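Structure data (TSV, C-alpha atoms and all ligand atoms) from entry_23.tsv:
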```tsv
chain	number	residue	atom	x	y	z
H	1	MET	CA	62.34	109.15	104.94
H	2	THR	CA	64.79	111.95	105.70
H	3	ALA	CA	64.89	113.76	102.38
H	4	ILE	CA	67.99	115.62	101.28
H	5	SER	CA	66.77	119.18	100.75
H	6	ARG	CA	69.94	121.18	100.13
H	7	ILE	CA	73.62	120.59	99.34
H	8	ASP	CA	76.36	123.25	99.42
H	9	LEU	CA	79.92	122.91	98.17
H	10	GLN	CA	82.67	125.15	99.44
H	11	ARG	CA	86.36	125.43	98.64
H	12	LEU	CA	88.56	125.32	101.72
H	13	ASP	CA	92.09	126.69	101.12
H	14	ILE	CA	94.57	126.53	103.98
H	15	PRO	CA	98.33	127.11	103.68
H	16	LEU	CA	100.66	124.49	105.12
H	17	ARG	CA	103.15	125.55	107.80
H	18	GLU	CA	105.94	124.10	105.64
H	19	PRO	CA	105.90	122.53	102.17
H	20	PHE	CA	104.99	118.83	102.43
H	21	VAL	CA	107.35	116.94	100.12
H	22	ILE	CA	106.66	113.39	98.93
H	23	SER	CA	108.24	111.56	95.99
H	24	LEU	CA	105.18	112.34	93.81
H	25	GLU	CA	104.69	116.07	94.45
H	26	THR	CA	105.16	119.02	96.80
H	27	ILE	CA	102.10	120.37	98.62
H	28	GLU	CA	102.17	123.96	99.90
H	29	HIS	CA	98.44	124.55	100.24
H	30	ALA	CA	95.57	122.32	101.27
H	31	ARG	CA	92.98	122.89	98.54
H	32	ASN	CA	90.04	120.97	99.90
H	33	ILE	CA	86.30	120.75	99.32
H	34	LEU	CA	83.71	120.98	102.04
H	35	VAL	CA	80.27	119.41	101.53
H	36	ARG	CA	77.30	120.48	103.62
H	37	ILE	CA	74.09	118.46	103.32
H	38	GLU	CA	70.77	119.51	104.85
H	39	THR	CA	67.69	117.37	105.29
H	40	ALA	CA	64.03	118.39	105.18
H	41	ASP	CA	63.73	117.61	108.89
H	42	GLY	CA	66.48	120.08	109.78
H	43	ILE	CA	69.66	118.02	110.20
H	44	THR	CA	72.95	119.27	108.74
H	45	GLY	CA	75.91	117.02	107.98
H	46	PHE	CA	79.47	118.01	107.08
H	47	GLY	CA	82.04	116.24	104.93
H	48	GLU	CA	85.45	117.17	103.57
H	49	CYS	CA	88.00	115.87	101.10
H	50	SER	CA	91.51	116.82	100.00
H	51	PRO	CA	92.24	115.84	96.39
H	52	TYR	CA	95.86	114.93	95.60
H	53	ARG	CA	96.11	115.04	91.81
H	54	THR	CA	98.95	112.51	91.55
H	55	ILE	CA	97.16	109.90	93.67
H	56	ALA	CA	93.41	110.49	93.34
H	57	GLY	CA	93.44	111.86	89.78
H	58	GLU	CA	91.25	114.68	91.09
H	59	THR	CA	91.87	118.38	91.75
H	60	GLN	CA	89.92	120.92	93.79
H	61	ASP	CA	88.42	122.26	90.53
H	62	SER	CA	87.46	118.83	89.17
H	63	ALA	CA	86.07	117.81	92.57
H	64	TYR	CA	83.98	120.98	92.71
H	65	GLU	CA	82.50	120.36	89.24
H	66	VAL	CA	81.85	116.66	89.88
H	67	GLY	CA	80.42	117.63	93.27
H	68	LYS	CA	77.74	119.67	91.50
H	69	LEU	CA	76.69	116.58	89.52
H	70	LEU	CA	76.62	114.45	92.67
H	71	ALA	CA	74.54	117.07	94.47
H	72	GLN	CA	71.97	117.00	91.64
H	73	ALA	CA	71.83	113.21	91.82
H	74	LEU	CA	71.27	113.16	95.59
H	75	LYS	CA	68.71	115.96	95.92
H	76	GLY	CA	65.42	114.54	97.25
H	77	LEU	CA	66.83	111.10	98.09
H	78	ASP	CA	66.59	109.58	101.57
H	79	ALA	CA	69.75	110.64	103.43
H	80	LEU	CA	69.53	107.59	105.71
H	81	ASN	CA	69.64	105.22	102.73
H	82	ILE	CA	73.39	105.60	102.45
H	83	GLU	CA	73.83	102.56	100.23
H	84	GLY	CA	71.21	103.98	97.84
H	85	CYS	CA	72.89	107.39	97.86
H	86	ILE	CA	76.27	105.84	97.04
H	87	ALA	CA	74.73	103.80	94.22
H	88	ALA	CA	73.20	107.04	92.86
H	89	MET	CA	76.62	108.73	92.97
H	90	ASP	CA	78.30	105.77	91.26
H	91	ARG	CA	75.63	105.76	88.52
H	92	THR	CA	76.27	109.48	87.97
H	93	ILE	CA	80.00	109.19	87.38
H	94	ALA	CA	82.68	106.51	87.67
H	95	GLY	CA	85.73	106.96	89.90
H	96	ASN	CA	86.08	110.35	91.61
H	97	ARG	CA	86.31	108.60	94.97
H	98	CYS	CA	87.77	111.62	96.71
H	99	ILE	CA	84.82	113.97	96.20
H	100	LYS	CA	82.39	111.08	96.73
H	101	SER	CA	83.98	110.50	100.14
H	102	ALA	CA	83.05	114.03	101.26
H	103	PHE	CA	79.38	113.32	100.42
H	104	ASP	CA	79.54	109.92	102.13
H	105	MET	CA	81.01	111.58	105.23
H	106	ALA	CA	78.24	114.17	105.38
H	107	LEU	CA	75.61	111.42	105.04
H	108	TYR	CA	77.13	109.45	107.93
H	109	ASP	CA	77.27	112.67	109.95
H	110	ILE	CA	73.52	113.12	109.36
H	111	ALA	CA	72.72	109.50	110.22
H	112	ALA	CA	74.72	109.61	113.46
H	113	ARG	CA	73.27	113.00	114.46
H	114	ARG	CA	69.76	111.70	113.84
H	115	ALA	CA	70.52	108.66	116.00
H	116	GLY	CA	71.86	111.02	118.69
H	117	LEU	CA	75.23	109.21	118.74
H	118	PRO	CA	78.86	110.09	118.13
H	119	LEU	CA	79.91	108.58	114.80
H	120	TYR	CA	82.10	105.86	116.37
H	121	ALA	CA	79.09	104.61	118.39
H	122	PHE	CA	76.78	104.84	115.38
H	123	LEU	CA	79.28	102.59	113.53
H	124	GLY	CA	79.23	100.11	116.41
H	125	GLY	CA	82.54	100.99	118.05
H	126	ALA	CA	83.70	102.26	121.42
H	127	ASN	CA	85.77	105.23	122.61
H	128	ASP	CA	88.00	102.90	124.62
H	129	ARG	CA	91.40	103.29	122.96
H	130	GLU	CA	94.00	106.01	123.07
H	131	LEU	CA	94.73	107.33	119.59
H	132	TYR	CA	98.15	108.80	118.86
H	133	THR	CA	98.96	110.01	115.38
H	134	ASP	CA	102.44	109.58	113.98
H	135	MET	CA	104.15	112.68	112.53
H	136	THR	CA	105.58	112.73	109.01
H	137	VAL	CA	109.03	113.89	107.95
H	138	SER	CA	109.05	115.35	104.41
H	139	LEU	CA	111.46	114.09	101.77
H	140	GLY	CA	114.66	116.15	101.63
H	141	GLU	CA	118.30	116.34	102.62
H	142	PRO	CA	119.32	113.85	105.34
H	143	ALA	CA	120.42	116.55	107.80
H	144	LYS	CA	117.14	118.48	107.49
H	145	MET	CA	115.13	115.25	107.80
H	146	ALA	CA	117.08	114.25	110.92
H	147	ALA	CA	116.49	117.70	112.44
H	148	ASP	CA	112.75	117.42	111.74
H	149	ALA	CA	112.60	113.96	113.30
H	150	GLU	CA	114.43	115.23	116.39
H	151	LYS	CA	111.96	118.12	116.66
H	152	PHE	CA	109.00	115.70	116.51
H	153	LEU	CA	110.59	113.47	119.14
H	154	ALA	CA	111.10	116.50	121.42
H	155	ALA	CA	107.43	117.45	120.87
H	156	GLY	CA	106.45	114.06	122.27
H	157	PHE	CA	105.30	112.21	119.16
H	158	LYS	CA	105.30	108.45	119.72
H	159	ALA	CA	105.92	107.35	116.14
H	160	ILE	CA	107.59	108.95	113.14
H	161	LYS	CA	106.84	108.34	109.48
H	162	VAL	CA	109.50	109.20	106.91
H	163	LYS	CA	109.00	110.02	103.24
H	164	VAL	CA	111.61	108.32	101.05
H	165	GLY	CA	111.88	107.37	97.39
H	166	GLY	CA	115.29	108.01	95.86
H	167	ARG	CA	118.34	105.92	95.02
H	168	THR	CA	119.21	103.24	97.56
H	169	GLU	CA	122.27	105.12	98.88
H	170	GLU	CA	120.23	108.33	99.30
H	171	ASP	CA	117.43	106.67	101.23
H	172	VAL	CA	119.83	104.70	103.42
H	173	GLU	CA	121.63	107.95	104.23
H	174	ARG	CA	118.32	109.60	105.18
H	175	ILE	CA	117.26	106.82	107.54
H	176	ARG	CA	120.76	106.45	109.01
H	177	ALA	CA	120.80	110.19	109.83
H	178	ILE	CA	117.34	109.99	111.40
H	179	ARG	CA	118.20	106.96	113.54
H	180	GLU	CA	121.38	108.69	114.68
H	181	ALA	CA	119.30	111.71	115.71
H	182	VAL	CA	116.37	109.97	117.45
H	183	GLY	CA	117.89	106.64	118.53
H	184	TYR	CA	116.08	103.31	118.34
H	185	GLY	CA	113.34	103.89	120.91
H	186	THR	CA	110.88	105.52	118.50
H	187	PRO	CA	108.92	103.41	116.01
H	188	LEU	CA	109.83	104.42	112.47
H	189	THR	CA	107.87	103.72	109.29
H	190	ILE	CA	108.71	104.77	105.73
H	191	ASP	CA	106.68	105.68	102.66
H	192	ALA	CA	108.14	105.58	99.13
H	193	ASN	CA	104.91	106.74	97.40
H	194	GLN	CA	105.55	104.33	94.48
H	195	ALA	CA	109.00	105.73	93.68
H	196	TRP	CA	110.93	102.47	93.33
H	197	ASN	CA	110.91	99.58	90.90
H	198	VAL	CA	110.99	96.04	92.33
H	199	VAL	CA	114.80	95.70	92.17
H	200	THR	CA	115.41	99.04	93.90
H	201	ALA	CA	112.68	98.37	96.46
H	202	VAL	CA	114.11	94.99	97.49
H	203	ARG	CA	117.68	96.29	97.55
H	204	THR	CA	116.75	99.39	99.57
H	205	LEU	CA	114.52	97.56	102.06
H	206	ARG	CA	117.24	94.95	102.66
H	207	ALA	CA	119.76	97.74	103.26
H	208	LEU	CA	117.35	99.49	105.65
H	209	ASP	CA	116.62	96.38	107.71
H	210	VAL	CA	119.29	97.25	110.32
H	211	TYR	CA	117.52	100.53	111.09
H	212	ARG	CA	114.43	98.81	112.51
H	213	ILE	CA	111.64	99.97	110.22
H	214	ASP	CA	108.15	98.72	111.14
H	215	TYR	CA	106.80	98.80	107.59
H	216	CYS	CA	107.14	100.48	104.22
H	217	GLU	CA	104.18	102.05	102.38
H	218	ALA	CA	103.78	101.91	98.60
H	219	PRO	CA	107.26	100.75	97.51
H	220	VAL	CA	106.32	100.34	93.82
H	221	HIS	CA	103.91	101.79	91.25
H	222	ALA	CA	100.25	101.58	92.25
H	223	ALA	CA	99.34	99.54	89.16
H	224	ASP	CA	102.07	96.95	89.74
H	225	LEU	CA	100.39	94.49	92.11
H	226	TYR	CA	102.64	91.64	90.93
H	227	GLY	CA	105.60	93.83	91.79
H	228	LEU	CA	104.17	94.63	95.21
H	229	ALA	CA	103.68	90.91	95.88
H	230	GLU	CA	107.27	90.25	94.85
H	231	VAL	CA	108.59	92.99	97.14
H	232	LYS	CA	106.51	91.56	99.98
H	233	ALA	CA	107.97	88.10	99.38
H	234	ARG	CA	111.58	89.28	99.25
H	235	SER	CA	111.72	92.23	101.68
H	236	PRO	CA	112.71	91.79	105.33
H	237	ILE	CA	110.57	94.88	106.10
H	238	PRO	CA	106.78	94.39	105.96
H	239	VAL	CA	104.91	96.13	103.15
H	240	MET	CA	101.81	98.32	103.47
H	241	ALA	CA	99.55	98.84	100.45
H	242	ASP	CA	98.49	102.46	100.00
H	243	GLU	CA	98.05	103.98	96.52
H	244	SER	CA	97.36	100.52	95.05
H	245	LEU	CA	94.43	100.04	97.46
H	246	PHE	CA	91.51	102.35	96.86
H	247	ASP	CA	88.35	100.37	97.58
H	248	HIS	CA	87.13	96.99	98.83
H	249	ARG	CA	87.59	95.39	95.41
H	250	ASP	CA	91.27	96.34	95.51
H	251	ALA	CA	91.44	94.87	99.01
H	252	VAL	CA	90.27	91.48	97.70
H	253	ARG	CA	92.87	91.58	94.91
H	254	HIS	CA	95.64	92.31	97.44
H	255	VAL	CA	94.54	89.40	99.62
H	256	ARG	CA	94.28	86.99	96.70
H	257	MET	CA	97.74	87.92	95.47
H	258	ASP	CA	99.27	87.97	98.95
H	259	ALA	CA	100.57	91.40	97.91
H	260	CYS	CA	101.01	93.12	101.31
H	261	ASP	CA	101.25	92.78	105.08
H	262	TYR	CA	99.17	95.87	105.94
H	263	PHE	CA	96.43	98.03	104.40
H	264	ASN	CA	96.42	101.82	104.55
H	265	ILE	CA	92.75	102.84	104.52
H	266	LYS	CA	91.96	106.40	103.47
H	267	LEU	CA	88.38	107.51	103.07
H	268	ALA	CA	89.42	109.71	100.12
H	269	LYS	CA	90.52	106.54	98.27
H	270	SER	CA	87.68	104.20	99.26
H	271	GLY	CA	84.96	106.72	98.44
H	272	GLY	CA	84.10	107.18	102.10
H	273	ILE	CA	83.11	105.33	105.25
H	274	HIS	CA	80.68	102.92	103.55
H	275	ASN	CA	83.39	101.28	101.44
H	276	ALA	CA	86.08	101.67	104.11
H	277	LEU	CA	83.98	99.48	106.42
H	278	LYS	CA	84.05	96.81	103.70
H	279	ILE	CA	87.85	97.07	103.48
H	280	ALA	CA	88.09	96.68	107.25
H	281	ALA	CA	85.90	93.56	107.08
H	282	ILE	CA	88.11	92.02	104.39
H	283	ALA	CA	91.22	92.95	106.37
H	284	GLU	CA	89.85	91.37	109.51
H	285	ALA	CA	88.95	88.16	107.70
H	286	ALA	CA	92.39	88.01	106.04
H	287	GLY	CA	94.31	88.96	109.18
H	288	ILE	CA	95.73	92.17	107.72
H	289	PRO	CA	96.13	95.00	110.26
H	290	CYS	CA	95.21	98.45	108.95
H	291	GLN	CA	96.39	102.01	109.23
H	292	ILE	CA	93.99	104.93	108.86
H	293	GLY	CA	95.67	107.61	106.78
H	294	CYS	CA	95.05	111.10	105.47
H	295	PHE	CA	95.92	113.64	102.77
H	296	SER	CA	95.79	117.33	103.75
H	297	GLU	CA	92.40	117.39	105.43
H	298	SER	CA	91.40	119.76	108.24
H	299	ARG	CA	89.88	118.53	111.50
H	300	ILE	CA	86.47	118.03	109.88
H	301	ALA	CA	87.61	115.01	107.91
H	302	SER	CA	90.25	113.97	110.43
H	303	SER	CA	87.50	113.77	113.06
H	304	ALA	CA	85.68	111.30	110.82
H	305	PHE	CA	88.93	109.32	110.42
H	306	ALA	CA	89.41	109.11	114.19
H	307	HIS	CA	85.80	107.97	114.70
H	308	PHE	CA	86.30	105.33	112.01
H	309	ALA	CA	89.45	104.12	113.78
H	310	LEU	CA	87.49	103.68	117.02
H	311	ALA	CA	84.80	101.78	115.15
H	312	ARG	CA	87.01	98.93	113.93
H	313	ARG	CA	89.69	97.18	115.99
H	314	ILE	CA	91.57	96.00	112.91
H	315	VAL	CA	92.60	99.68	112.52
H	316	ARG	CA	95.73	99.75	114.66
H	317	HIS	CA	97.96	102.47	113.19
H	318	TYR	CA	97.05	106.13	112.98
H	319	ASP	CA	98.58	108.47	110.40
H	320	LEU	CA	96.32	111.46	110.99
H	321	ASP	CA	98.81	114.30	111.15
H	322	SER	CA	97.34	116.53	108.42
H	323	PRO	CA	95.69	119.11	110.75
H	324	LEU	CA	99.06	119.54	112.49
H	325	MET	CA	100.64	120.55	109.17
H	326	LEU	CA	98.05	123.26	108.45
H	327	ALA	CA	98.82	126.89	109.34
H	328	GLU	CA	95.20	127.54	110.35
H	329	ASP	CA	92.43	125.58	112.02
H	330	PRO	CA	89.05	126.92	110.88
H	331	VAL	CA	87.10	124.05	112.45
H	332	LYS	CA	84.72	124.33	115.39
H	333	GLY	CA	84.18	121.18	117.47
H	334	GLY	CA	85.49	117.80	116.39
H	335	VAL	CA	88.46	115.85	117.70
H	336	ARG	CA	91.14	117.58	119.76
H	337	TYR	CA	94.86	117.23	119.05
H	338	GLU	CA	96.96	117.28	122.22
H	339	LYS	CA	100.68	117.36	122.84
H	340	GLY	CA	102.55	114.42	121.42
H	341	GLY	CA	99.92	113.70	118.79
H	342	ARG	CA	97.22	112.39	121.11
H	343	ILE	CA	93.81	112.62	119.45
H	344	VAL	CA	90.91	113.00	121.85
H	345	VAL	CA	87.51	112.01	120.49
H	346	GLY	CA	84.63	113.67	122.31
H	347	GLU	CA	81.02	112.64	122.80
H	348	GLU	CA	79.43	115.19	120.46
H	349	VAL	CA	76.86	113.64	118.13
H	350	GLY	CA	77.89	112.86	114.57
H	351	ILE	CA	81.41	113.68	113.41
H	352	GLY	CA	81.36	116.75	115.62
H	353	GLY	CA	83.22	119.19	113.40
H	354	SER	CA	81.86	122.13	111.43
H	355	LEU	CA	83.32	125.25	109.85
H	356	LEU	CA	83.65	128.36	112.02
C	1	MG	MG	101.29	106.50	101.98
```
Give the structure from the file, written as structure tokens.
Amino acid sequence: MTAISRIDLQRLDIPLREPFVISLETIEHARNILVRIETADGITGFGECSPYRTIAGETQDSAYEVGKLLAQALKGLDALNIEGCIAAMDRTIAGNRCIKSAFDMALYDIAARRAGLPLYAFLGGANDRELYTDMTVSLGEPAKMAADAEKFLAAGFKAIKVKVGGRTEEDVERIRAIREAVGYGTPLTIDANQAWNVVTAVRTLRALDVYRIDYCEAPVHAADLYGLAEVKARSPIPVMADESLFDHRDAVRHVRMDACDYFNIKLAKSGGIHNALKIAAIAEAAGIPCQIGCFSESRIASSAFAHFALARRIVRHYDLDSPLMLAEDPVKGGVRYEKGGRIVVGEEVGIGGSLL
């Protein structure tokens, strides 16, 4: 028994270098929550989440308030009984996956630290792959988007993700400008963040086929799984489920309905590592390769994401660029971001990151 003796919540506000524009909203500040859990035998674990109101249905304020309820529910429980802790959180309040993921992360940090292992090893993985994050171009005017893409290419990034989600002609113009700027040697993916209906999605993806797009995230509304399945069936560009896929139950629905070619796993959607491992298992069984994605987390959470990626081979795409968009890095330890988006995972125990 490793009893949870103390839990602290902290707001973590960090400005972004530039506004991050997606079809759903514009983010200028990361307004995150940090969770710090201590055990009676002296181990401290850290977790972090970044609530996006239009996707998670949570804000920093709501996450902070719900976090207080979750902290009450967990006090005195065995930190190593992660399944029991998650059940206690789910009994306390439905949904609220984003703030729950920060608690889950801190619990896994504690478990891995107690085992004396880096998180990837605690989860049964190996630090035997090179991780390179893509870099995301915000939604905007084609010329500005092309200039951003060119800048990322010059900085050495190996893959570029592009936010889209307008009329067909607008999105085609954006991608045409970007391909003209960066050529065809760089893998390009796009993300509509649910902006299209089925007709627009199919028409746009057919028009974009000549620009060699690896896959498109979230073409239609998150609730429209039938629509997603139809887009998948009719689009020449593969489809990745993102906002429609929160937890493992959603993963089963996507598989049953043959609704997508790829999963985008985010701990803030699944409720943390515990459920994300279940999604990865379903993906592996169904033959669906996964991306690990992010919101606007600092290197505390992004370290956990990188460890998770190393723990499951079905995770093959890395969209972990959020720390690169932040104007400050208040994190000590954790993964290192090198030139060109290479993410180096060290051998520190646990997740490795803590606040300065
Ligand atoms: Mg997405």
Checklist entry - In terms of the shortest atom-to-atom distance over all atoms listed in the file, which of H:Val164, H:Leu205, H:Ile37, H:Leu119 is closest to Gly334 in chain H? => result H:Leu119
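Comparing H:Leu310, H:Val239, H:Val335, H:Ala222 by their smallest distance to Tyr262 in chain H, the closest is H:Val239 (using only C-alpha atoms).
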Checklist entry - Neighbours of Arg256 in chain H within 12 Å (all atoms listed in the file; same-chain residues fewer than 2 positions away dropped), as a list in words? => result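 Once the nearby chain positions are removed, what remains is Leu225, Tyr226, Ala229, Arg249, Asp250, Ala251, Val252, Arg253, His254, Asp258, Ala259, Cys260, Ile282, Ala283 and Ala286 of chain H.
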Taking a cut-off of 6 Å and counting only C-alpha atoms and all ligand atoms, can you build a table that, for each residue of chain H near ligand MG 1 (chain C), reports the nearest atom pair and how far apart they are in Å (one decimal), sorted by chain then residue number, as JSON lines?
```
{"residue": "H:Asp191", "atom": "CA", "partner": "C:MG1", "partner_atom": "MG", "distance": 5.5}
{"residue": "H:Asn193", "atom": "CA", "partner": "C:MG1", "partner_atom": "MG", "distance": 5.8}
{"residue": "H:Glu217", "atom": "CA", "partner": "C:MG1", "partner_atom": "MG", "distance": 5.3}
{"residue": "H:Asp242", "atom": "CA", "partner": "C:MG1", "partner_atom": "MG", "distance": 5.3}
```
Resulting file, chosen residues, C-alpha atoms, as a JSON list (two decimals), keeping the file's coordinate frame:
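As written to disk, out.json reads:
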```
[["chain", "number", "residue", "atom", "x", "y", "z"],
["H", 191, "ASP", "CA", 106.68, 105.68, 102.66],
["H", 193, "ASN", "CA", 104.91, 106.74, 97.40],
["H", 217, "GLU", "CA", 104.18, 102.05, 102.38],
["H", 242, "ASP", "CA", 98.49, 102.46, 100.00]]
```
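A straight line drawn from CA of Ile178 in chain H to CA of Tyr215 in chain H is 15.8 Å long.
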Which range 84-162 of chain H residues have any atom within 7 Å of an atom of range 42-55 of chain H, and for each, what is the nearest pair of atoms with distance in Å to one decimal, counting all atoms listed in the file, rows sorted by chain and number, as a Markdown table?
```
| residue | atom | partner | partner_atom | distance |
| --- | --- | --- | --- | --- |
| H:Cys98 | CA | H:Cys49 | CA | 6.1 |
| H:Ile99 | CA | H:Cys49 | CA | 6.1 |
| H:Ser101 | CA | H:Cys49 | CA | 6.8 |
| H:Ala102 | CA | H:Gly47 | CA | 4.4 |
| H:Phe103 | CA | H:Gly47 | CA | 6.0 |
| H:Met105 | CA | H:Gly47 | CA | 4.8 |
| H:Ala106 | CA | H:Gly47 | CA | 4.4 |
| H:Leu107 | CA | H:Gly45 | CA | 6.3 |
| H:Asp109 | CA | H:Gly45 | CA | 5.0 |
| H:Ile110 | CA | H:Gly45 | CA | 4.8 |
```
Could you produce a table of the residues of range 27-72 of chain H lying within 7 Å of range 6-21 of chain H, with the nearest pair of atoms per residue and their separation in Å rounded to one decimal, using only C-alpha atoms, ordered by chain and increasing residue number, as CSV?
```
residue,atom,partner,partner_atom,distance
H:Ile27,CA,H:Phe20,CA,5.0
H:Glu28,CA,H:Pro19,CA,4.6
H:His29,CA,H:Pro15,CA,4.3
H:Ala30,CA,H:Ile14,CA,5.1
H:Arg31,CA,H:Asp13,CA,4.7
H:Asn32,CA,H:Leu12,CA,4.9
H:Ile33,CA,H:Arg11,CA,4.7
H:Leu34,CA,H:Gln10,CA,5.0
H:Val35,CA,H:Leu9,CA,4.9
H:Arg36,CA,H:Asp8,CA,5.1
H:Ile37,CA,H:Ile7,CA,4.5
H:Glu38,CA,H:Arg6,CA,5.1
H:Thr39,CA,H:Arg6,CA,6.8
H:Ala71,CA,H:Ile7,CA,6.1
```
Sorted per-residue table, range 312-342 of chain H near range 122-131 of chain H, closest atoms and distance, 9 Å, all atoms listed in the file, as CSV:
```
residue,atom,partner,partner_atom,distance
H:Arg312,CA,H:Gly125,CA,6.4
H:Arg313,CA,H:Gly125,CA,8.4
H:His317,CA,H:Leu131,CA,8.7
H:Tyr318,CA,H:Leu131,CA,7.1
H:Gly341,CA,H:Leu131,CA,8.3
H:Arg342,CA,H:Leu131,CA,5.8
```
Checklist entry - Quick one: distance from CA of Glu65 in chain H to CA of Lys100 in chain H in Å, one decimal? => result 11.9 Å
Checklist entry - Near Ala143 in chain H, counting all atoms listed in the file, which residues have an atom at most 10 Å away, once you skip same-chain residues fewer than 4 positions from it, shown as a VMD selection string? => result chain H and resid 147 to 149 173 to 174 177 to 178 181
Can you write out the residues you just picked, keeping C-alpha atoms, as a short mmCIF file (atom, residue, chain, number, x, y, z; two decimals), in the frame of the given file?
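The file below, part-v4.cif, is the result:
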```
data_model
loop_
_atom_site.label_atom_id
_atom_site.label_comp_id
_atom_site.auth_asym_id
_atom_site.auth_seq_id
_atom_site.Cartn_x
_atom_site.Cartn_y
_atom_site.Cartn_z
CA ALA H 147 116.49 117.70 112.44
CA ASP H 148 112.75 117.42 111.74
CA ALA H 149 112.60 113.96 113.30
CA GLU H 173 121.63 107.95 104.23
CA ARG H 174 118.32 109.60 105.18
CA ALA H 177 120.80 110.19 109.83
CA ILE H 178 117.34 109.99 111.40
CA ALA H 181 119.30 111.71 115.71
#
```
Next on the checklist: Here is a test: counting all atoms listed in the file, which residue of H:Glu150, H:Ala159, H:Asn197, H:Gly352 is nearest to Arg179 in chain H?
Outcome noted: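 Closest to Arg179 in chain H of all the choices is H:Glu150.
For Leu80 in chain H, the list of residues within 9 Å, based on all atoms listed in the file and with local chain neighbours fewer than 3 positions off taken out, reads H:Met1, H:Thr2, H:Ala3, H:Leu77, H:Glu83, H:Gly84, H:Cys85, H:Leu107, H:Tyr108, H:Ile110, H:Ala111.
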